[in-house]
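Asker: Got a structure for you, questions after.
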Amino acid sequence: MERVRGFKDLRGKGLTYGESRHFAHLLPKAVLSFTPLKRAWQAEQLYRIILEDYHLTDPFLDGMEKGLSFLLHDALKEFVSIGLEKIEKDKPLGIKFLSLESRFGADTLLRLQTAVPLSDVRLQLARYIKAKTGAAFSICPLSQTPKNMRREILNEHGGRPFKMPFGHRMNYLCLFSRS
């Protein structure tokens, strides 16, 4: 619904034909790229950006690709609010903030972030595990584990996200990550 409402509101802002085509292609693709469980409220923040100034859409989507997509609902809402305040004061700096090209934007993301991509912490995890166990492990996401193991693990947890106590986590890492 947010996608349709956002595009209708954009049409009322006097877009050129080229801009209309750009957004007609961009918005559905962008919203569908959002994680399904987060899509509704991420689209809501995209809509806030569009209402403020449709020229901010691309910088915001760049920021989503660079890490904003990992923020939880309230954290993303706060980030966008800070970004919109910055834009009121200094538009170029606000754009850099939203696209995570400014130091302040990156620092704000780190402050609000509660999850990180595995690729950002893979080496640190491997070093930590080697220091604790003396064994070397190759760490990979659950999606890269053999299908039968992944299915078994996900079935144990009803296919929902889960966290395990430290000891179990080590066992699972051993199970599907040993090199």
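Ordered as shown in the structure tokens, chains take letters A, B, and onward, while each chain numbers its residues from 1 and ligands are numbered from 1 in the order shown.
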Using only C-alpha atoms, what table do you get, as JSON lines, when you list each residue of stretch 65-85 of chain A with an atom no more than 9 Å from stretch 91-111 of chain A, its nearest pair of atoms, and their distance in Å rounded to one decimal, rows by chain then rising number?

Answerer:
```
{"residue": "A:Glu65", "atom": "CA", "partner": "A:Ser99", "partner_atom": "CA", "distance": 8.9}
{"residue": "A:Lys66", "atom": "CA", "partner": "A:Leu100", "partner_atom": "CA", "distance": 7.1}
{"residue": "A:Gly67", "atom": "CA", "partner": "A:Leu109", "partner_atom": "CA", "distance": 7.7}
{"residue": "A:Leu68", "atom": "CA", "partner": "A:Leu109", "partner_atom": "CA", "distance": 6.9}
{"residue": "A:Leu71", "atom": "CA", "partner": "A:Leu109", "partner_atom": "CA", "distance": 7.9}
{"residue": "A:Ala75", "atom": "CA", "partner": "A:Leu109", "partner_atom": "CA", "distance": 8.6}
{"residue": "A:Leu76", "atom": "CA", "partner": "A:Leu109", "partner_atom": "CA", "distance": 8.8}
{"residue": "A:Phe79", "atom": "CA", "partner": "A:Thr108", "partner_atom": "CA", "distance": 7.3}
{"residue": "A:Val80", "atom": "CA", "partner": "A:Leu98", "partner_atom": "CA", "distance": 7.4}
{"residue": "A:Ile82", "atom": "CA", "partner": "A:Gly94", "partner_atom": "CA", "distance": 8.8}
{"residue": "A:Gly83", "atom": "CA", "partner": "A:Gly94", "partner_atom": "CA", "distance": 5.6}
{"residue": "A:Leu84", "atom": "CA", "partner": "A:Gly94", "partner_atom": "CA", "distance": 7.0}
{"residue": "A:Glu85", "atom": "CA", "partner": "A:Gly94", "partner_atom": "CA", "distance": 7.8}
```

Asker: Write the residues of the selection above to a file with N, CA and C atoms, as an mmCIF file, in the first residue's frame.

Answerer:
```cif
data_model
loop_
_atom_site.group_PDB
_atom_site.id
_atom_site.type_symbol
_atom_site.label_atom_id
_atom_site.label_comp_id
_atom_site.auth_asym_id
_atom_site.auth_seq_id
_atom_site.Cartn_x
_atom_site.Cartn_y
_atom_site.Cartn_z
ATOM 1 N N GLU A 65 21.214 0.075 1.200
ATOM 2 C CA GLU A 65 22.134 -0.955 0.693
ATOM 3 C C GLU A 65 23.414 -1.030 1.515
ATOM 4 N N LYS A 66 23.828 0.100 2.078
ATOM 5 C CA LYS A 66 25.089 0.155 2.816
ATOM 6 C C LYS A 66 24.947 -0.238 4.293
ATOM 7 N N GLY A 67 23.722 -0.488 4.770
ATOM 8 C CA GLY A 67 23.596 -0.922 6.151
ATOM 9 C C GLY A 67 22.362 -0.469 6.893
ATOM 10 N N LEU A 68 21.655 0.527 6.397
ATOM 11 C CA LEU A 68 20.444 0.975 7.093
ATOM 12 C C LEU A 68 19.407 -0.143 7.175
ATOM 13 N N LEU A 71 18.911 -1.946 10.497
ATOM 14 C CA LEU A 71 18.343 -1.278 11.672
ATOM 15 C C LEU A 71 16.949 -1.809 11.982
ATOM 16 N N ALA A 75 14.918 2.277 15.343
ATOM 17 C CA ALA A 75 16.233 2.826 15.012
ATOM 18 C C ALA A 75 16.226 3.447 13.620
ATOM 19 N N LEU A 76 15.583 2.788 12.652
ATOM 20 C CA LEU A 76 15.505 3.356 11.301
ATOM 21 C C LEU A 76 14.685 4.641 11.316
ATOM 22 N N PHE A 79 16.882 7.297 12.692
ATOM 23 C CA PHE A 79 17.901 7.674 11.718
ATOM 24 C C PHE A 79 17.311 8.612 10.668
ATOM 25 N N VAL A 80 16.144 8.260 10.149
ATOM 26 C CA VAL A 80 15.491 9.097 9.132
ATOM 27 C C VAL A 80 15.139 10.457 9.721
ATOM 28 N N ILE A 82 16.664 12.075 12.141
ATOM 29 C CA ILE A 82 17.910 12.840 12.255
ATOM 30 C C ILE A 82 18.325 13.337 10.866
ATOM 31 N N GLY A 83 18.204 12.455 9.874
ATOM 32 C CA GLY A 83 18.560 12.836 8.507
ATOM 33 C C GLY A 83 17.710 13.983 7.989
ATOM 34 N N LEU A 84 16.413 13.927 8.246
ATOM 35 C CA LEU A 84 15.527 14.995 7.775
ATOM 36 C C LEU A 84 15.826 16.315 8.493
ATOM 37 N N GLU A 85 16.184 16.246 9.772
ATOM 38 C CA GLU A 85 16.587 17.461 10.498
ATOM 39 C C GLU A 85 17.860 18.041 9.893
#
```

Asker: If we count only C-alpha atoms and set the cut-off at 10 Å, which residues sit around A:Gln42, ignoring sequence neighbours fewer than 2 positions away in its own chain? Please answer as a count of residues only.

Answerer: 22

Asker: Among stretch 1-73 of chain A, which residues carry a DSSP assignment of helix (DSSP H, G or I), reported as an MDAnalysis selection string?

Answerer: chainID A and resid 2:11 17:33 39:52 54:66 68:70 73

Asker: What is the atom CA of A:Cys140 to atom CA of A:Ser119 distance in Å?

Answerer: 8.7 Å

Asker: Have a look at A:Leu123, A:Leu154, A:Ala43, A:Leu26 and name the one nearest to A:Ser138; count only C-alpha atoms.

Answerer: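 Going through A:Leu123, A:Leu154, A:Ala43, A:Leu26 one by one, the smallest distance to A:Ser138 is for A:Leu123.
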
Asker: Name all residues at most 9 Å from A:Ala126 (count only C-alpha atoms; drop same-chain ones fewer than 4 positions away) and give them as a PyMOL selection string.

Answerer: chain A and resi 121-122+130-131+136-139

Asker: Those residues with N, CA and C atoms, as a PDB file, in the first residue's frame please?

Answerer:
```pdb
ATOM      1  N   VAL A 121      31.785  -9.232  10.292  1.00  0.00           N
ATOM      2  CA  VAL A 121      32.389  -9.749  11.525  1.00  0.00           C
ATOM      3  C   VAL A 121      32.988 -11.145  11.364  1.00  0.00           C
ATOM      4  N   ARG A 122      32.975 -11.660  10.157  1.00  0.00           N
ATOM      5  CA  ARG A 122      33.447 -13.033   9.918  1.00  0.00           C
ATOM      6  C   ARG A 122      34.871 -13.251  10.414  1.00  0.00           C
ATOM      7  N   LYS A 130      39.057 -19.400  17.179  1.00  0.00           N
ATOM      8  CA  LYS A 130      40.366 -20.063  17.198  1.00  0.00           C
ATOM      9  C   LYS A 130      41.065 -19.832  18.534  1.00  0.00           C
ATOM     10  N   ALA A 131      40.963 -18.615  19.064  1.00  0.00           N
ATOM     11  CA  ALA A 131      41.581 -18.311  20.356  1.00  0.00           C
ATOM     12  C   ALA A 131      40.932 -19.129  21.474  1.00  0.00           C
ATOM     13  N   ALA A 136      40.723 -24.080  13.901  1.00  0.00           N
ATOM     14  CA  ALA A 136      40.344 -23.112  12.868  1.00  0.00           C
ATOM     15  C   ALA A 136      39.003 -23.509  12.268  1.00  0.00           C
ATOM     16  N   PHE A 137      38.148 -22.529  12.089  1.00  0.00           N
ATOM     17  CA  PHE A 137      36.832 -22.762  11.501  1.00  0.00           C
ATOM     18  C   PHE A 137      36.623 -21.812  10.342  1.00  0.00           C
ATOM     19  N   SER A 138      35.901 -22.278   9.365  1.00  0.00           N
ATOM     20  CA  SER A 138      35.463 -21.420   8.273  1.00  0.00           C
ATOM     21  C   SER A 138      34.025 -21.043   8.584  1.00  0.00           C
ATOM     22  N   ILE A 139      33.767 -19.781   8.751  1.00  0.00           N
ATOM     23  CA  ILE A 139      32.441 -19.336   9.156  1.00  0.00           C
ATOM     24  C   ILE A 139      31.645 -18.933   7.926  1.00  0.00           C
TER      25      ILE A 139
END
```

Asker: Ranking A:Ser143, A:Arg127, A:Asn148, A:Pro59 by minimum distance to A:Ile87 and counting only C-alpha atoms, which one comes first?

Answerer: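 Looking only at the distances to A:Ile87, the closest residue turns out to be A:Pro59.
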
Asker: For atom CA of A:Asp53 and atom CA of A:Ser20, quote the distance in Å rounded to one decimal.

Answerer: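 We find that atom CA of A:Asp53 and atom CA of A:Ser20 lie 14.2 Å from each other.
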
Asker: Using only C-alpha atoms, can you tell me which of A:Leu15, A:Leu51, A:Leu125, A:Leu61 comes closest to A:Leu27?

Answerer: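 Ranked by minimum distance to A:Leu27, first place goes to A:Leu61.
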